[in-house]
file my_file_0.cif (mmCIF, C-alpha atoms)
data_final
loop_
_atom_site.label_atom_id
_atom_site.label_comp_id
_atom_site.auth_asym_id
_atom_site.auth_seq_id
_atom_site.Cartn_x
_atom_site.Cartn_y
_atom_site.Cartn_z
CA MET X 140 0.00 0.00 0.00
CA LYS X 141 2.96 2.33 0.53
CA LYS X 142 3.43 4.69 -2.40
CA GLU X 143 6.24 7.05 -3.22
CA ASN X 144 5.93 10.73 -4.05
CA ILE X 145 2.43 11.32 -2.78
CA SER X 146 2.01 15.06 -2.48
CA ASP X 147 1.48 16.83 0.80
CA ALA X 148 -1.88 18.13 -0.48
CA VAL X 149 -3.15 14.57 -1.07
CA ILE X 150 -1.92 13.41 2.35
CA ARG X 151 -3.66 16.33 4.04
CA ARG X 152 -6.93 15.48 2.31
CA LEU X 153 -6.88 11.89 3.64
CA PRO X 154 -7.92 12.81 7.21
CA ARG X 155 -10.72 14.97 5.79
CA TYR X 156 -12.00 12.02 3.76
CA TYR X 157 -11.74 9.85 6.85
CA ARG X 158 -13.70 12.36 8.92
CA HIS X 159 -16.45 12.70 6.31
CA LEU X 160 -16.70 8.94 5.87
CA ASN X 161 -17.09 8.59 9.64
CA GLU X 162 -19.92 11.10 9.48
CA LEU X 163 -21.56 9.26 6.58
CA CYS X 164 -21.33 5.99 8.56
CA SER X 165 -22.96 7.56 11.58
CA ARG X 166 -25.73 8.90 9.31
CA GLY X 167 -26.28 5.35 8.07
CA VAL X 168 -25.12 6.01 4.48
CA VAL X 169 -24.06 2.70 2.90
CA ARG X 170 -22.63 3.84 -0.42
CA ILE X 171 -21.72 7.13 -2.07
CA SER X 172 -20.54 8.26 -5.49
CA SER X 173 -17.40 10.36 -5.92
CA HIS X 174 -19.76 13.06 -7.21
CA SER X 175 -21.86 13.16 -4.00
CA LEU X 176 -18.83 12.87 -1.73
CA GLY X 177 -17.27 15.73 -3.67
CA GLN X 178 -20.34 17.91 -3.25
CA GLU X 179 -20.38 17.34 0.51
CA MET X 180 -16.69 18.18 0.78
CA SER X 181 -16.39 20.91 -1.88
CA ILE X 182 -13.87 18.84 -3.83
CA THR X 183 -14.35 17.79 -7.46
CA ALA X 184 -15.25 14.16 -8.19
CA SER X 185 -12.19 13.82 -10.42
CA GLN X 186 -9.93 15.10 -7.63
CA ILE X 187 -11.36 12.45 -5.31
CA ARG X 188 -10.85 9.64 -7.84
CA GLN X 189 -7.32 10.88 -8.51
CA ASP X 190 -6.49 11.05 -4.78
CA PHE X 191 -7.76 7.54 -4.11
CA SER X 192 -5.97 6.16 -7.18
CA CYS X 193 -2.66 6.94 -5.41
CA PHE X 194 -3.47 4.11 -3.01
CA GLY X 195 -5.26 1.51 -5.13
CA GLU X 196 -8.70 0.81 -6.52
CA PHE X 197 -11.51 1.51 -4.05
CA GLY X 198 -14.71 2.27 -5.96
CA GLN X 199 -16.74 0.32 -8.44
CA GLN X 200 -17.89 1.83 -11.74
CA GLY X 201 -21.62 2.60 -11.54
CA TYR X 202 -21.85 1.68 -7.84
CA GLY X 203 -19.62 4.21 -6.15
CA TYR X 204 -17.87 3.57 -2.86
CA ASN X 205 -18.96 1.34 -0.03
CA VAL X 206 -18.73 3.85 2.82
CA GLU X 207 -17.76 1.40 5.56
CA GLU X 208 -15.07 -0.27 3.42
CA LEU X 209 -13.62 3.00 2.16
CA LYS X 210 -13.49 4.34 5.73
CA ALA X 211 -11.60 1.24 6.84
CA GLU X 212 -9.19 1.47 3.88
CA ILE X 213 -8.39 5.14 4.46
CA GLY X 214 -8.13 4.59 8.21
CA HIS X 215 -5.65 1.82 7.49
CA ILE X 216 -3.62 4.07 5.17
CA LEU X 217 -3.58 6.74 7.89
CA GLY X 218 -2.46 4.20 10.46
CA VAL X 219 -5.42 4.37 12.85
CA ASP X 220 -5.02 0.61 13.44
CA ASN X 221 -1.29 0.92 14.17
CA ASP X 222 -1.41 1.52 17.97
CA HIS X 223 1.13 4.31 18.10
CA HIS X 224 2.41 5.33 21.51
CA LEU X 225 2.46 8.93 22.56
CA ILE X 226 3.57 11.05 25.49
CA MET X 227 2.80 14.69 26.26
CA ILE X 228 5.22 17.29 27.56
CA GLY X 229 3.60 20.26 29.25
CA VAL X 230 0.33 19.82 31.11
CA GLY X 231 -0.94 23.39 31.30
CA ASN X 232 -4.38 24.44 30.13
CA LEU X 233 -3.89 23.23 26.57
CA GLY X 234 -2.37 19.94 27.69
CA HIS X 235 -5.27 19.39 30.08
CA ALA X 236 -7.80 20.21 27.35
CA LEU X 237 -6.23 17.68 24.97
CA LEU X 238 -5.93 14.92 27.59
CA GLN X 239 -9.53 15.43 28.67
CA ASN X 240 -11.21 15.87 25.29
CA PHE X 241 -9.11 14.73 22.37
CA PRO X 242 -10.00 11.23 21.09
CA PHE X 243 -6.43 9.90 20.87
CA SER X 244 -7.54 6.27 20.76
CA GLN X 245 -9.83 6.89 17.76
CA CYS X 246 -6.74 8.14 15.90
CA GLY X 247 -4.78 5.00 16.84
CA PHE X 248 -2.74 6.54 19.65
CA THR X 249 -2.27 5.41 23.24
CA VAL X 250 -1.22 8.16 25.64
CA ASP X 251 1.21 6.47 28.04
CA ALA X 252 2.26 9.42 30.20
CA ALA X 253 2.50 13.19 30.45
CA PHE X 254 5.33 15.23 31.92
CA ASP X 255 5.46 18.62 33.60
CA VAL X 256 7.67 20.71 35.89
CA SER X 257 4.87 21.84 38.21
CA PRO X 258 4.67 20.09 41.60
CA ALA X 259 0.94 20.92 41.58
CA VAL X 260 0.27 18.37 38.83
CA ILE X 261 3.12 15.83 39.21
CA GLY X 262 1.76 12.62 40.69
CA THR X 263 -1.81 13.31 39.60
CA ALA X 264 -3.59 11.83 36.59
CA VAL X 265 -5.73 13.45 33.90
CA ASN X 266 -8.28 11.21 32.23
CA GLY X 267 -6.27 8.19 33.37
CA VAL X 268 -2.92 9.51 32.10
CA PRO X 269 -0.28 9.79 34.84
CA ILE X 270 1.50 13.15 35.10
CA CYS X 271 5.19 12.57 35.82
CA SER X 272 8.09 14.84 36.70
CA MET X 273 10.32 16.04 33.87
CA SER X 274 13.19 14.43 35.77
CA GLU X 275 11.70 11.05 34.87
CA LEU X 276 11.47 11.82 31.15
CA ASP X 277 14.79 10.46 29.90
CA THR X 278 14.44 7.16 31.72
CA PHE X 279 10.88 6.80 30.45
CA ILE X 280 11.85 7.33 26.83
CA GLN X 281 14.79 4.94 27.11
CA SER X 282 12.57 2.20 28.47
CA HIS X 283 9.44 2.71 26.34
CA SER X 284 8.60 2.88 22.68
CA VAL X 285 7.54 6.48 22.04
CA ASP X 286 6.30 7.23 18.52
CA VAL X 287 5.09 10.78 19.06
CA VAL X 288 5.67 13.52 21.62
CA VAL X 289 2.99 16.20 21.98
CA LEU X 290 4.69 19.49 22.77
CA THR X 291 2.43 21.78 24.81
CA ILE X 292 5.26 23.71 26.45
CA PRO X 293 6.30 27.38 26.40
CA GLN X 294 7.88 28.66 23.18
CA THR X 295 11.13 29.57 24.92
CA VAL X 296 11.98 25.94 25.64
CA ALA X 297 10.46 24.37 22.53
CA GLN X 298 13.49 23.90 20.26
CA ASP X 299 15.81 22.84 23.11
CA THR X 300 13.29 20.29 24.32
CA ALA X 301 12.81 18.94 20.80
CA ASP X 302 16.59 18.68 20.26
CA HIS X 303 16.98 16.78 23.51
CA LEU X 304 14.16 14.38 22.65
CA ILE X 305 15.61 13.79 19.17
CA SER X 306 18.96 12.93 20.78
CA LEU X 307 17.06 10.28 22.74
CA GLY X 308 15.62 8.85 19.52
CA VAL X 309 12.19 10.51 19.29
CA LYS X 310 11.15 10.94 15.64
CA GLY X 311 7.60 12.32 15.74
CA PHE X 312 6.39 15.61 17.18
CA TRP X 313 2.90 17.06 17.41
CA ASN X 314 3.85 20.64 18.03
CA PHE X 315 1.43 23.13 19.61
CA THR X 316 4.08 25.71 20.58
CA ASN X 317 3.49 27.90 17.51
CA ILE X 318 7.28 27.84 16.92
CA GLU X 319 8.51 26.36 13.66
CA LEU X 320 10.73 23.52 14.90
CA SER X 321 13.43 21.95 12.77
CA SER X 322 16.10 19.29 12.92
CA GLN X 323 18.98 18.07 10.76
CA VAL X 324 18.33 14.51 11.91
CA PRO X 325 16.81 12.41 9.09
CA ASP X 326 13.29 11.07 9.38
CA VAL X 327 12.21 13.39 12.16
CA GLN X 328 8.64 14.56 11.52
CA PHE X 329 7.20 17.76 12.94
CA GLU X 330 3.47 18.34 12.62
CA ASN X 331 2.83 21.91 13.64
CA ILE X 332 -0.54 23.23 14.74
CA HIS X 333 -0.77 26.88 13.73
CA PHE X 334 -3.96 28.30 15.18
CA ALA X 335 -3.19 31.69 13.62
CA ASP X 336 -3.33 30.27 10.07
CA SER X 337 -6.88 29.22 10.77
CA LEU X 338 -8.00 32.53 12.31
CA LEU X 339 -6.38 34.51 9.49
CA THR X 340 -8.23 32.39 6.91
CA LEU X 341 -11.45 33.33 8.70
CA SER X 342 -10.35 36.96 8.81
CA TYR X 343 -9.87 36.91 5.02
CA ARG X 344 -13.28 35.34 4.47
CA ILE X 345 -15.23 37.76 6.64
CA ALA X 346 -13.42 40.68 4.96
CA ASN X 347 -14.15 39.34 1.44
CA ARG X 348 -17.61 37.78 1.58
CA MET V 213 -7.81 44.27 -3.93
CA LYS V 214 -10.84 41.98 -3.63
CA LYS V 215 -10.83 39.26 -6.26
CA GLU V 216 -13.47 36.74 -7.19
CA ASN V 217 -13.07 32.99 -7.41
CA ILE V 218 -9.86 32.66 -5.46
CA SER V 219 -9.56 29.01 -4.54
CA ASP V 220 -9.63 27.75 -0.98
CA ALA V 221 -6.13 26.33 -1.47
CA VAL V 222 -4.72 29.77 -2.35
CA ILE V 223 -6.51 31.41 0.58
CA ARG V 224 -5.13 28.79 2.96
CA ARG V 225 -1.58 29.42 1.74
CA LEU V 226 -1.81 33.14 2.48
CA PRO V 227 -1.44 32.78 6.27
CA ARG V 228 1.53 30.47 5.68
CA TYR V 229 3.21 33.10 3.51
CA TYR V 230 2.44 35.71 6.14
CA ARG V 231 3.98 33.56 8.87
CA HIS V 232 7.14 32.85 6.87
CA LEU V 233 7.52 36.52 5.92
CA ASN V 234 7.24 37.42 9.61
CA GLU V 235 10.03 34.95 10.32
CA LEU V 236 12.18 36.36 7.51
CA CYS V 237 11.65 39.88 8.90
CA SER V 238 12.70 38.79 12.36
CA ARG V 239 15.81 37.19 10.83
CA GLY V 240 16.61 40.52 9.19
CA VAL V 241 16.08 39.32 5.62
CA VAL V 242 15.35 42.33 3.40
CA ARG V 243 14.51 40.69 0.08
CA ILE V 244 13.85 37.21 -1.18
CA SER V 245 13.27 35.56 -4.56
CA SER V 246 10.23 33.38 -5.23
CA HIS V 247 12.74 30.55 -5.67
CA SER V 248 14.24 30.94 -2.16
CA LEU V 249 10.87 31.53 -0.52
CA GLY V 250 9.62 28.40 -2.26
CA GLN V 251 12.55 26.35 -0.99
CA GLU V 252 11.95 27.47 2.58
CA MET V 253 8.26 26.63 2.34
CA SER V 254 8.39 23.54 0.10
CA ILE V 255 6.27 25.27 -2.54
CA THR V 256 7.39 25.77 -6.15
CA ALA V 257 8.43 29.26 -7.23
CA SER V 258 5.83 29.23 -10.00
CA GLN V 259 3.08 28.36 -7.47
CA ILE V 260 4.14 31.33 -5.36
CA ARG V 261 4.12 33.72 -8.33
CA GLN V 262 0.73 32.36 -9.41
CA ASP V 263 -0.73 32.74 -5.89
CA PHE V 264 0.47 36.33 -5.55
CA SER V 265 -0.75 37.22 -9.04
CA CYS V 266 -4.32 36.66 -7.79
CA PHE V 267 -3.91 39.83 -5.72
CA GLY V 268 -1.74 42.11 -7.86
CA GLU V 269 1.91 42.63 -8.71
CA PHE V 270 4.22 42.33 -5.72
CA GLY V 271 7.68 41.34 -6.91
CA GLN V 272 10.16 42.92 -9.28
CA GLN V 273 11.84 40.95 -12.06
CA GLY V 274 15.45 40.28 -11.10
CA TYR V 275 15.07 41.73 -7.60
CA GLY V 276 12.55 39.45 -5.95
CA TYR V 277 10.26 40.54 -3.16
CA ASN V 278 10.88 43.19 -0.55
CA VAL V 279 10.10 41.11 2.57
CA GLU V 280 8.71 43.94 4.70
CA GLU V 281 6.47 45.24 1.90
CA LEU V 282 5.21 41.80 0.91
CA LYS V 283 4.43 40.99 4.55
CA ALA V 284 2.43 44.22 4.84
CA GLU V 285 0.56 43.51 1.57
CA ILE V 286 -0.38 39.96 2.55
CA GLY V 287 -1.27 41.06 6.08
CA HIS V 288 -3.55 43.68 4.53
CA ILE V 289 -5.19 41.08 2.25
CA LEU V 290 -5.73 38.85 5.29
CA GLY V 291 -7.23 41.73 7.22
CA VAL V 292 -4.74 41.93 10.09
CA ASP V 293 -5.18 45.74 10.04
CA ASN V 294 -8.98 45.50 10.16
CA ASP V 295 -9.54 45.48 13.96
CA HIS V 296 -12.10 42.70 14.05
CA HIS V 297 -13.95 42.19 17.31
CA LEU V 298 -14.26 38.78 18.87
CA ILE V 299 -15.86 37.11 21.84
CA MET V 300 -15.28 33.64 23.26
CA ILE V 301 -17.94 31.23 24.49
CA GLY V 302 -16.68 28.56 26.86
CA VAL V 303 -13.75 29.31 29.18
CA GLY V 304 -12.60 25.83 30.12
CA ASN V 305 -9.01 24.65 29.72
CA LEU V 306 -8.87 25.30 25.99
CA GLY V 307 -10.52 28.71 26.32
CA HIS V 308 -8.06 29.65 29.08
CA ALA V 309 -5.12 28.47 26.97
CA LEU V 310 -6.21 30.59 24.00
CA LEU V 311 -6.91 33.70 26.09
CA GLN V 312 -3.57 33.40 27.83
CA ASN V 313 -1.33 32.49 24.91
CA PHE V 314 -2.87 33.15 21.53
CA PRO V 315 -1.74 36.44 19.92
CA PHE V 316 -5.21 37.67 18.90
CA SER V 317 -4.04 41.25 18.42
CA GLN V 318 -1.28 40.23 15.99
CA CYS V 319 -4.03 38.69 13.85
CA GLY V 320 -6.08 41.89 13.95
CA PHE V 321 -8.58 40.77 16.58
CA THR V 322 -9.64 42.42 19.82
CA VAL V 323 -11.13 40.04 22.38
CA ASP V 324 -13.91 42.03 24.04
CA ALA V 325 -15.36 39.44 26.41
CA ALA V 326 -15.68 35.74 27.17
CA PHE V 327 -18.77 33.91 28.42
CA ASP V 328 -19.21 30.82 30.54
CA VAL V 329 -21.82 29.09 32.70
CA SER V 330 -19.48 28.33 35.61
CA PRO V 331 -19.85 30.57 38.70
CA ALA V 332 -16.18 29.79 39.44
CA VAL V 333 -15.00 31.91 36.49
CA ILE V 334 -17.83 34.45 35.99
CA GLY V 335 -16.70 37.87 37.20
CA THR V 336 -13.00 37.05 36.85
CA ALA V 337 -10.71 38.09 34.00
CA VAL V 338 -8.17 36.10 31.99
CA ASN V 339 -5.35 38.11 30.46
CA GLY V 340 -7.49 41.24 30.78
CA VAL V 341 -10.58 39.69 29.17
CA PRO V 342 -13.65 39.81 31.42
CA ILE V 343 -15.51 36.51 31.87
CA CYS V 344 -19.25 37.14 31.85
CA SER V 345 -22.28 35.00 32.54
CA MET V 346 -24.02 33.34 29.58
CA SER V 347 -27.16 35.19 30.71
CA GLU V 348 -25.47 38.44 29.58
CA LEU V 349 -24.61 37.10 26.11
CA ASP V 350 -27.67 38.23 24.12
CA THR V 351 -27.57 41.78 25.47
CA PHE V 352 -23.85 41.97 24.79
CA ILE V 353 -24.20 40.90 21.17
CA GLN V 354 -27.11 43.28 20.59
CA SER V 355 -25.10 46.22 21.90
CA HIS V 356 -21.65 45.43 20.43
CA SER V 357 -20.22 44.72 17.03
CA VAL V 358 -19.11 41.06 17.12
CA ASP V 359 -17.30 39.81 14.01
CA VAL V 360 -16.25 36.40 15.28
CA VAL V 361 -17.31 34.07 18.09
CA VAL V 362 -14.77 31.51 19.29
CA LEU V 363 -16.61 28.34 20.25
CA THR V 364 -14.78 26.41 22.97
CA ILE V 365 -17.89 24.71 24.37
CA PRO V 366 -18.95 21.06 24.68
CA GLN V 367 -19.98 19.31 21.45
CA THR V 368 -23.49 18.64 22.74
CA VAL V 369 -24.40 22.33 22.76
CA ALA V 370 -22.34 23.44 19.75
CA GLN V 371 -24.94 23.54 16.95
CA ASP V 372 -27.70 24.98 19.17
CA THR V 373 -25.37 27.71 20.41
CA ALA V 374 -24.26 28.52 16.85
CA ASP V 375 -27.90 28.66 15.64
CA HIS V 376 -28.83 31.01 18.47
CA LEU V 377 -25.84 33.27 17.75
CA ILE V 378 -26.68 33.32 14.03
CA SER V 379 -30.24 34.37 14.89
CA LEU V 380 -28.66 37.32 16.75
CA GLY V 381 -26.68 38.27 13.64
CA VAL V 382 -23.28 36.63 14.24
CA LYS V 383 -21.64 35.67 10.93
CA GLY V 384 -18.18 34.37 11.84
CA PHE V 385 -17.28 31.32 13.94
CA TRP V 386 -13.89 29.97 14.98
CA ASN V 387 -15.00 26.51 15.95
CA PHE V 388 -12.92 24.30 18.28
CA THR V 389 -15.73 21.88 19.15
CA ASN V 390 -14.67 19.27 16.59
CA ILE V 391 -18.29 19.19 15.36
CA GLU V 392 -18.91 20.16 11.74
CA LEU V 393 -21.29 23.12 12.15
CA SER V 394 -23.55 24.32 9.38
CA SER V 395 -26.18 26.94 8.67
CA GLN V 396 -28.62 27.79 5.90
CA VAL V 397 -28.15 31.50 6.59
CA PRO V 398 -26.13 33.18 3.79
CA ASP V 399 -22.67 34.58 4.47
CA VAL V 400 -22.11 32.71 7.73
CA GLN V 401 -18.50 31.51 7.88
CA PHE V 402 -17.38 28.56 9.99
CA GLU V 403 -13.66 28.00 10.40
CA ASN V 404 -13.25 24.62 12.04
CA ILE V 405 -10.14 23.51 13.89
CA HIS V 406 -9.78 19.75 13.47
CA PHE V 407 -6.90 18.60 15.65
CA ALA V 408 -7.43 15.02 14.50
CA ASP V 409 -6.67 15.90 10.86
CA SER V 410 -3.27 17.08 12.00
CA LEU V 411 -2.48 14.06 14.18
CA LEU V 412 -3.62 11.66 11.44
CA THR V 413 -1.33 13.39 8.93
CA LEU V 414 1.53 12.77 11.37
CA SER V 415 0.38 9.19 11.83
CA TYR V 416 0.55 8.66 8.05
CA ARG V 417 4.03 10.19 7.87
CA ILE V 418 5.55 8.13 10.66
CA ALA V 419 4.03 4.97 9.15
CA ASN V 420 5.36 5.79 5.65
CA ARG V 421 8.76 7.40 6.15
#
call {"tool": "encode", "arguments": {"input": "my_file_0.cif", "output": "structure tokens"}}
result
Amino acid sequence: MKKENISDAVIRRLPRYYRHLNELCSRGVVRISSHSLGQEMSITASQIRQDFSCFGEFGQQGYGYNVEELKAEIGHILGVDNDHHLIMIGVGNLGHALLQNFPFSQCGFTVDAAFDVSPAVIGTAVNGVPICSMSELDTFIQSHSVDVVVLTIPQTVAQDTADHLISLGVKGFWNFTNIELSSQVPDVQFENIHFADSLLTLSYRIANR
Amino acid sequence: MKKENISDAVIRRLPRYYRHLNELCSRGVVRISSHSLGQEMSITASQIRQDFSCFGEFGQQGYGYNVEELKAEIGHILGVDNDHHLIMIGVGNLGHALLQNFPFSQCGFTVDAAFDVSPAVIGTAVNGVPICSMSELDTFIQSHSVDVVVLTIPQTVAQDTADHLISLGVKGFWNFTNIELSSQVPDVQFENIHFADSLLTLSYRIANR
């Protein structure tokens, strides 16, 4: 199933397809044409067929897509059945919000632990996730498989923390610090959440409607 | 400056350009070619020139772009100098995190008030923003100009709250509820933050590197 040279734009549309297919499932829709799916998502039918063709043959001429099957296929491509392991660094307001509300398990992630410097939270648990001291971090990483670290720490310590984690072998970062992190180490992946990009898109739309 | 039929993909690249130009400014870069900007952002130079051409002529053949000027132009297109007014509904962990850390003013937004149902926060202020009771919401909206409402409320009340706000004339929503909101009312804009799309993109990348 692994393909080379799939563009970033295609990869970023996959989770949107997955989300819409989940919605269709919960609405009881059994099958859908690329045309109808496109209308719901404001994507052309040909774009949808082209995107899916990067990963194999999913639809059936004249029938369309079986919603449940397509959801499972795209979920598989995205790795939701992979059981990735994740830890969080920084359990402030944003960290708390994610631990309490974000459906990590539905995305294929198990949150094994969270780390913070504040004695007020160390030793507690949020939604079943133990909050540990930062002094325990290195030992934890050396003795566990950690696929992704969620960074919900202050900007001032973001790059240093990432560099240290990379030196310990961490390769995946979900970065909420609003700092563009980088590394010379091959295969390290940073996924940055930029809230401002979203608000500025809205700003453009309300100014130009 | 307003243009018709600018694609969603172009609009979504504008905040990324703006962010990178801000970075270039802070690094003291005075001018940059579309080629170099493209390399930094993993976008082709021709894509960049095509995107900018939707809004006018910014560069100069053989010189490239003046970073400070281009940043100001794109900021203007995005509306960062518009002084939009915003209120927040729901001041839980995520609401607190945004009020404390998100640079609303740098995006051209003034946060006038936040609203919650919890007596523990009503009457307090977070980063200078007063937290009011939900019972004061309707009067507030009727007596203030509100361009955008940030929804950081539970999913179960998201659509009802949005419908009520739309009936009061609100047209812009920055939606963190992870529910796809919709409305039949013309010109209402929903900008949805889907954290899961981001984590699933990372999941794909770590599975396929």
call {"tool": "resolve_selection", "arguments": {"input": "my_file_0.cif", "expression": "the PyMOL selection byres ((chain V) within 7 of (chain X))", "output": "list of chain:residue names"}}
result
V:Lys214, V:Ile223, V:Arg224, V:Pro227, V:Arg228, V:Ile289, V:Leu290, V:Gly291, V:Asn305, V:Leu306, V:His308, V:Ala309, V:Cys319, V:Gly384, V:Trp386, V:Asp399, V:Glu403, V:Asp409, V:Ser410, V:Leu411, V:Leu412, V:Thr413, V:Leu414, V:Ser415, V:Tyr416, V:Ile418, V:Ala419, V:Asn420, V:Arg421
call {"tool": "residues_around", "arguments": {"input": "my_file_0.cif", "residues": "Ala332 (chain V)", "least_positions_apart": "6", "cutoff": "12 Å", "atoms": "all atoms listed in the file", "output": "list in words"}}
result
Val303, Gly304, Ile343, Cys344 and Ser345 of chain V
call {"tool": "atom_distance", "arguments": {"input": "my_file_0.cif", "atom1": "CA of Gln298 (chain X)", "atom2": "CA of Ile318 (chain X)"}}
result
8.1 Å
call {"tool": "closest_residue", "arguments": {"input": "my_file_0.cif", "among": "X:Ile171, X:Ile182, X:Ile228, X:Ile213", "to": "Glu196 (chain X)", "atoms": "only C-alpha atoms"}}
result
X:Ile213
call {"tool": "atom_distance", "arguments": {"input": "my_file_0.cif", "atom1": "CA of Ser192 (chain X)", "atom2": "CA of Gly167 (chain X)"}}
result
25.4 Å
call {"tool": "atom_distance", "arguments": {"input": "my_file_0.cif", "atom1": "CA of Ser394 (chain V)", "atom2": "CA of Leu238 (chain X)"}}
result
27.0 Å
call {"tool": "axis_aligned_box", "arguments": {"input": "my_file_0.cif", "around": "region 236-247 of chain V", "padding_each_side": "8 Å", "output": "lines of an AutoDock Vina configuration file"}}
result
center_x = 13.4
center_y = 36.4
center_z = 3.3
size_x = 22.4
size_y = 27.8
size_z = 34.0
call {"tool": "residues_around", "arguments": {"input": "my_file_0.cif", "residues": "Ile226 (chain X)", "least_positions_apart": "3", "cutoff": "9 Å", "atoms": "only C-alpha atoms", "output": "PyMOL selection string"}}
result
chain X and resi 249-254+285-290
